[in-house]
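Structure record follows, encoded as structure tokens.
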Amino acid sequence: MIALLDYGSGNLRSVHKSLLKVGAEVRLVSKPEEINGADGMVLPGVGAFDDCIQALRKQELLDAAREFIQTGKPFLGICVGYQALFEKSEDFNSCAAGLGIFQGKVVRFKERPDLKIPQIGWNQIEITQPECPLYRGIPNGSYVYFVHSFYPEPADPSIIATRTNYGDVFASSIWRGNVFATQFHPEKSQRVGLQLLQNFSELTRA
């Protein structure tokens with residue numbers, strides 16, 4: 001069973017629907033005690049970093065997510081759920097501290113005359129960790145769907161699982177141990193995204 005954290009994020013329903021489509025058993029979780037018995041956890045997210053962190057804290061899910069990660073069971077962060085794994089964000093003069101699972105901060109794309117911010121639409125991923133189980137059956141150079149103005153800069157480059165070029169080359173996903181996270185939206189990325197979610201679901205049953 002996968003615990004899908006419900007703290008009011010806009011992409012919750014589409015993530016839920018996509019997980020069900022790949023055969024996952026999913027429980028919507030809005031308080032810590034509902035996590036009991038979960039084999040995996042997904043933290044979705046759209047919008048502002050501070051809003052995500054404050055909503056999780058209000059529902060006592062911030063510490064619960066940190067504690068779940070420490071169990072060694074598979075964890076997947078999506079978009080702002082990826083950014084939340086880091087220490088802090090430059091998102092709208094953010095003052096909230098992230099989960100701090102990884103060192104690094106969340107930064108904004110640099111202004112360029114030929115670059116639209118936010119990045120909205122399809123872009124390619126270069127898989128830098130081919131052994132990452134999340135990308136099993138997914139070809140290098142696959143297109144996935146992004147909606148974001150900010151992205152994490154990991155202090156440790158060895159955790160970067162994919163890179164993407166949008167004016168700058170940035171870490172579009174990471175992997176270390178049981179923790180996986182994507183800046184792109186698997187639930188909007190059609191066949192590739194469903195394959196990724198299926199791979200994650202299979203990890204929770206291993």
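Ordered as shown in the structure tokens, chains take letters A, B, and onward, while each chain numbers its residues from 1 and ligands are numbered from 1 in the order shown.
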All residues 8 Å or closer to Val46 (chain A), only C-alpha atoms, same chain fewer than 6 positions away omitted, as an MDAnalysis selection string: chainID A and resid 9:11 79:81
Proximity check region 174-206 of chain A to region 94-118 of chain A, 12 Å, nearest pairs one decimal Å, only C-alpha atoms, as CSV:
residue,atom,partner,partner_atom,distance
A:Ile174,CA,A:Phe102,CA,10.1
A:Trp175,CA,A:Phe102,CA,10.6
A:Arg176,CA,A:Phe102,CA,9.5
A:Gly177,CA,A:Ile101,CA,11.7
A:Asn178,CA,A:Ile101,CA,11.7
A:Val179,CA,A:Ile101,CA,9.2
A:Phe180,CA,A:Ile101,CA,11.4
A:Ala181,CA,A:Phe102,CA,11.4
A:Gln183,CA,A:Val106,CA,11.1
Would you write out those residues with N, CA, C and O atoms, as a short mmCIF file (atom, residue, chain, number, x, y, z; two decimals), in the first residue's frame?
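Output (part.cif):
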data_model
loop_
_atom_site.label_atom_id
_atom_site.label_comp_id
_atom_site.auth_asym_id
_atom_site.auth_seq_id
_atom_site.Cartn_x
_atom_site.Cartn_y
_atom_site.Cartn_z
N ILE A 174 16.21 12.97 -8.78
CA ILE A 174 17.29 12.48 -7.92
C ILE A 174 16.96 11.08 -7.41
O ILE A 174 15.81 10.65 -7.41
N TRP A 175 17.99 10.42 -6.94
CA TRP A 175 17.83 9.10 -6.32
C TRP A 175 18.97 8.85 -5.35
O TRP A 175 20.14 9.02 -5.71
N ARG A 176 18.62 8.51 -4.13
CA ARG A 176 19.60 7.97 -3.19
C ARG A 176 18.89 6.98 -2.27
O ARG A 176 17.94 7.35 -1.57
N GLY A 177 19.35 5.75 -2.29
CA GLY A 177 18.76 4.73 -1.42
C GLY A 177 17.29 4.53 -1.73
O GLY A 177 16.91 4.20 -2.86
N ASN A 178 16.45 4.77 -0.74
CA ASN A 178 15.00 4.58 -0.88
C ASN A 178 14.27 5.84 -1.32
O ASN A 178 13.04 5.83 -1.45
N VAL A 179 15.01 6.93 -1.55
CA VAL A 179 14.37 8.22 -1.86
C VAL A 179 14.53 8.55 -3.34
O VAL A 179 15.65 8.63 -3.86
N PHE A 180 13.39 8.76 -3.97
CA PHE A 180 13.31 9.15 -5.38
C PHE A 180 12.52 10.45 -5.46
O PHE A 180 11.58 10.65 -4.68
N ALA A 181 12.85 11.31 -6.41
CA ALA A 181 12.06 12.53 -6.58
C ALA A 181 12.25 13.09 -7.97
O ALA A 181 13.35 12.99 -8.54
N GLN A 183 11.35 16.51 -10.65
CA GLN A 183 10.82 17.86 -10.84
C GLN A 183 9.67 17.83 -11.84
O GLN A 183 8.75 18.63 -11.75
#
Selected residue of minimal separation from Leu203 (chain A) among A:Val144, A:Leu76, A:Val15, A:Ala161, counting only C-alpha atoms: A:Leu76
At a cut-off of 10 Å, using only C-alpha atoms, what residues contact Gly72 (chain A)? Leave out same-chain residues fewer than 2 positions from it and give the result as a PDB file with N, CA and C atoms, in the first residue's frame.
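For reference, out00.pdb as written:
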ATOM      1  N   ASP A  39       3.682   0.740   2.654  1.00  0.00           N
ATOM      2  CA  ASP A  39       4.908   0.158   2.091  1.00  0.00           C
ATOM      3  C   ASP A  39       5.682   1.172   1.261  1.00  0.00           C
ATOM      4  N   GLY A  40       5.051   2.297   0.952  1.00  0.00           N
ATOM      5  CA  GLY A  40       5.678   3.359   0.176  1.00  0.00           C
ATOM      6  C   GLY A  40       4.949   4.661   0.455  1.00  0.00           C
ATOM      7  N   GLU A  67      10.203  10.793   9.155  1.00  0.00           N
ATOM      8  CA  GLU A  67      10.319   9.509   9.869  1.00  0.00           C
ATOM      9  C   GLU A  67      10.107   8.331   8.918  1.00  0.00           C
ATOM     10  N   PHE A  68       9.175   8.484   7.969  1.00  0.00           N
ATOM     11  CA  PHE A  68       8.935   7.405   6.999  1.00  0.00           C
ATOM     12  C   PHE A  68      10.172   7.164   6.142  1.00  0.00           C
ATOM     13  N   ILE A  69      10.800   8.230   5.684  1.00  0.00           N
ATOM     14  CA  ILE A  69      12.014   8.099   4.872  1.00  0.00           C
ATOM     15  C   ILE A  69      13.085   7.326   5.636  1.00  0.00           C
ATOM     16  N   GLN A  70      13.159   7.558   6.939  1.00  0.00           N
ATOM     17  CA  GLN A  70      14.178   6.888   7.758  1.00  0.00           C
ATOM     18  C   GLN A  70      13.912   5.394   7.929  1.00  0.00           C
ATOM     19  N   PRO A  74      10.359   2.800   0.190  1.00  0.00           N
ATOM     20  CA  PRO A  74      10.412   3.708  -0.964  1.00  0.00           C
ATOM     21  C   PRO A  74       9.579   4.973  -0.779  1.00  0.00           C
ATOM     22  N   PHE A  75      10.182   6.094  -1.143  1.00  0.00           N
ATOM     23  CA  PHE A  75       9.554   7.417  -1.048  1.00  0.00           C
ATOM     24  C   PHE A  75       9.726   8.115  -2.384  1.00  0.00           C
ATOM     25  N   GLY A 177      19.351   5.749  -2.288  1.00  0.00           N
ATOM     26  CA  GLY A 177      18.763   4.726  -1.420  1.00  0.00           C
ATOM     27  C   GLY A 177      17.288   4.526  -1.730  1.00  0.00           C
ATOM     28  N   ASN A 178      16.449   4.770  -0.736  1.00  0.00           N
ATOM     29  CA  ASN A 178      15.003   4.579  -0.881  1.00  0.00           C
ATOM     30  C   ASN A 178      14.271   5.843  -1.322  1.00  0.00           C
ATOM     31  N   VAL A 179      15.010   6.926  -1.549  1.00  0.00           N
ATOM     32  CA  VAL A 179      14.375   8.217  -1.856  1.00  0.00           C
ATOM     33  C   VAL A 179      14.532   8.554  -3.335  1.00  0.00           C
TER      34      VAL A 179
END
Helix (DSSP H, G or I) residues, from DSSP on the backbone, in chain A, as a VMD selection string: chain A and resid 12 to 21 32 to 35 49 to 58 61 to 70 80 to 83 133 to 135 157 to 159 186 to 188 190 to 204
Residues within 10 Å of Ile35 (chain A), only C-alpha atoms, excluding chain neighbours under 3 positions, as a PyMOL selection string: chain A and resi 1-5+27-32+38-41+61+64-65+68
Only all heavy atoms, please: the residues just picked out, written as a compact mmCIF listing (two decimals), in the first residue's frame.
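Final file, again-v5.txt:
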# COMPACT_ATOMS: atom_id res chain seq x y z
N MET A 1 0.84 -1.20 0.00
CA MET A 1 0.00 0.00 0.00
C MET A 1 0.88 1.25 0.00
O MET A 1 1.86 1.33 0.73
CB MET A 1 -0.90 -0.03 1.24
CG MET A 1 -1.90 1.12 1.33
SD MET A 1 -1.22 2.60 2.14
CE MET A 1 -1.10 2.03 3.82
N ILE A 2 0.50 2.21 -0.84
CA ILE A 2 1.23 3.47 -0.94
C ILE A 2 0.44 4.56 -0.24
O ILE A 2 -0.74 4.77 -0.52
CB ILE A 2 1.47 3.86 -2.41
CG1 ILE A 2 2.40 2.84 -3.09
CG2 ILE A 2 2.05 5.27 -2.53
CD1 ILE A 2 2.56 3.03 -4.58
N ALA A 3 1.09 5.27 0.69
CA ALA A 3 0.48 6.42 1.35
C ALA A 3 0.70 7.65 0.48
O ALA A 3 1.84 8.03 0.22
CB ALA A 3 1.10 6.62 2.72
N LEU A 4 -0.39 8.25 0.01
CA LEU A 4 -0.33 9.46 -0.81
C LEU A 4 -0.73 10.64 0.08
O LEU A 4 -1.86 10.71 0.55
CB LEU A 4 -1.28 9.33 -2.01
CG LEU A 4 -1.41 10.52 -2.95
CD1 LEU A 4 -0.07 10.93 -3.54
CD2 LEU A 4 -2.42 10.22 -4.06
N LEU A 5 0.23 11.52 0.35
CA LEU A 5 0.00 12.58 1.33
C LEU A 5 -0.96 13.63 0.78
O LEU A 5 -0.72 14.25 -0.26
CB LEU A 5 1.32 13.24 1.73
CG LEU A 5 2.36 12.33 2.41
CD1 LEU A 5 3.50 13.15 2.98
CD2 LEU A 5 1.73 11.47 3.49
N ARG A 27 -3.61 4.76 -0.41
CA ARG A 27 -4.40 5.32 0.69
C ARG A 27 -4.11 6.82 0.76
O ARG A 27 -2.95 7.23 0.88
CB ARG A 27 -4.03 4.66 2.01
CG ARG A 27 -4.80 5.24 3.22
CD ARG A 27 -4.24 4.73 4.54
NE ARG A 27 -4.37 3.29 4.65
CZ ARG A 27 -3.73 2.56 5.56
NH1 ARG A 27 -2.89 3.14 6.41
NH2 ARG A 27 -3.90 1.25 5.62
N LEU A 28 -5.16 7.63 0.68
CA LEU A 28 -5.00 9.07 0.87
C LEU A 28 -4.80 9.33 2.36
O LEU A 28 -5.61 8.89 3.18
CB LEU A 28 -6.22 9.82 0.35
CG LEU A 28 -6.43 9.78 -1.17
CD1 LEU A 28 -7.74 10.44 -1.55
CD2 LEU A 28 -5.28 10.46 -1.89
N VAL A 29 -3.74 10.05 2.69
CA VAL A 29 -3.34 10.24 4.08
C VAL A 29 -3.35 11.73 4.41
O VAL A 29 -2.67 12.51 3.76
CB VAL A 29 -1.92 9.66 4.30
CG1 VAL A 29 -1.34 10.12 5.61
CG2 VAL A 29 -1.95 8.15 4.23
N SER A 30 -4.12 12.12 5.41
CA SER A 30 -4.14 13.52 5.83
C SER A 30 -3.69 13.70 7.27
O SER A 30 -3.57 14.82 7.75
CB SER A 30 -5.55 14.12 5.65
OG SER A 30 -6.50 13.36 6.35
N LYS A 31 -3.43 12.58 7.98
CA LYS A 31 -2.87 12.67 9.33
C LYS A 31 -1.90 11.51 9.57
O LYS A 31 -2.02 10.46 8.94
CB LYS A 31 -3.94 12.73 10.41
CG LYS A 31 -5.17 11.93 10.20
CD LYS A 31 -6.19 12.30 11.28
CE LYS A 31 -7.34 11.33 11.30
NZ LYS A 31 -8.51 11.78 10.59
N PRO A 32 -0.94 11.71 10.47
CA PRO A 32 0.18 10.76 10.61
C PRO A 32 -0.24 9.32 10.88
O PRO A 32 0.36 8.38 10.33
CB PRO A 32 0.98 11.33 11.79
CG PRO A 32 0.64 12.77 11.84
CD PRO A 32 -0.76 12.88 11.36
N ALA A 38 1.94 1.42 5.71
CA ALA A 38 2.27 1.78 4.32
C ALA A 38 3.61 1.17 3.91
O ALA A 38 4.55 1.09 4.70
CB ALA A 38 2.33 3.30 4.17
N ASP A 39 3.68 0.74 2.65
CA ASP A 39 4.91 0.16 2.09
C ASP A 39 5.68 1.17 1.26
O ASP A 39 6.82 0.93 0.86
CB ASP A 39 4.57 -1.04 1.21
CG ASP A 39 3.78 -2.10 1.98
OD1 ASP A 39 4.32 -2.61 2.97
OD2 ASP A 39 2.63 -2.37 1.60
N GLY A 40 5.05 2.30 0.95
CA GLY A 40 5.68 3.36 0.18
C GLY A 40 4.95 4.66 0.45
O GLY A 40 3.84 4.65 1.01
N MET A 41 5.57 5.76 0.07
CA MET A 41 4.94 7.08 0.28
C MET A 41 5.20 7.96 -0.93
O MET A 41 6.29 7.94 -1.51
CB MET A 41 5.51 7.75 1.54
CG MET A 41 4.96 9.15 1.79
SD MET A 41 5.63 9.91 3.30
CE MET A 41 4.72 9.01 4.56
N LEU A 61 2.35 16.26 9.13
CA LEU A 61 2.85 15.31 8.13
C LEU A 61 4.32 15.55 7.78
O LEU A 61 4.95 14.70 7.15
CB LEU A 61 2.00 15.38 6.85
CG LEU A 61 0.57 14.86 6.98
CD1 LEU A 61 -0.22 15.16 5.71
CD2 LEU A 61 0.55 13.36 7.28
N ALA A 64 6.27 13.30 10.00
CA ALA A 64 5.85 11.95 9.63
C ALA A 64 6.54 11.50 8.34
O ALA A 64 6.96 10.34 8.22
CB ALA A 64 4.34 11.88 9.49
N ALA A 65 6.67 12.41 7.39
CA ALA A 65 7.34 12.08 6.13
C ALA A 65 8.83 11.83 6.39
O ALA A 65 9.40 10.88 5.84
CB ALA A 65 7.17 13.23 5.12
N PHE A 68 9.18 8.48 7.97
CA PHE A 68 8.94 7.40 7.00
C PHE A 68 10.17 7.16 6.14
O PHE A 68 10.55 6.02 5.90
CB PHE A 68 7.73 7.72 6.10
CG PHE A 68 7.39 6.60 5.17
CD1 PHE A 68 6.52 5.60 5.57
CD2 PHE A 68 7.96 6.50 3.91
CE1 PHE A 68 6.22 4.53 4.73
CE2 PHE A 68 7.68 5.45 3.06
CZ PHE A 68 6.79 4.46 3.48
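CA of Asn165 (chain A) is found 8.0 Å from CA of Asn123 (chain A).
Residue nearest Ser172 (chain A) within the list A:Phe200, A:Tyr135, A:Phe49, A:Tyr82: A:Tyr82 [criterion: smallest interatomic distance, only C-alpha atoms].
Among A:Gln83, A:Gln124, A:Ser189, A:Gln195, the residue with the shortest atom-to-atom distance to Ser149 (chain A), counting only C-alpha atoms, is A:Gln83.
Taking CA of Thr128 (chain A) and CA of Asn140 (chain A) as the two end points, the separation is 8.9 Å.
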Contacts of His16 (chain A) at 8 Å (only C-alpha atoms; same-chain gap of 3+ positions) as a PyMOL selection string: chain A and resi 4+12-13+19-20+26
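Pairwise distance (CA of Cys52 (chain A), CA of Tyr145 (chain A)) equals 20.5 Å.
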Every residue of region 80-163 of chain A that DSSP places in strand (DSSP E or B), as number ranges by chain: A: 88-89, 104-108, 119-124, 126-127, 143-148, 150-154, 160-163
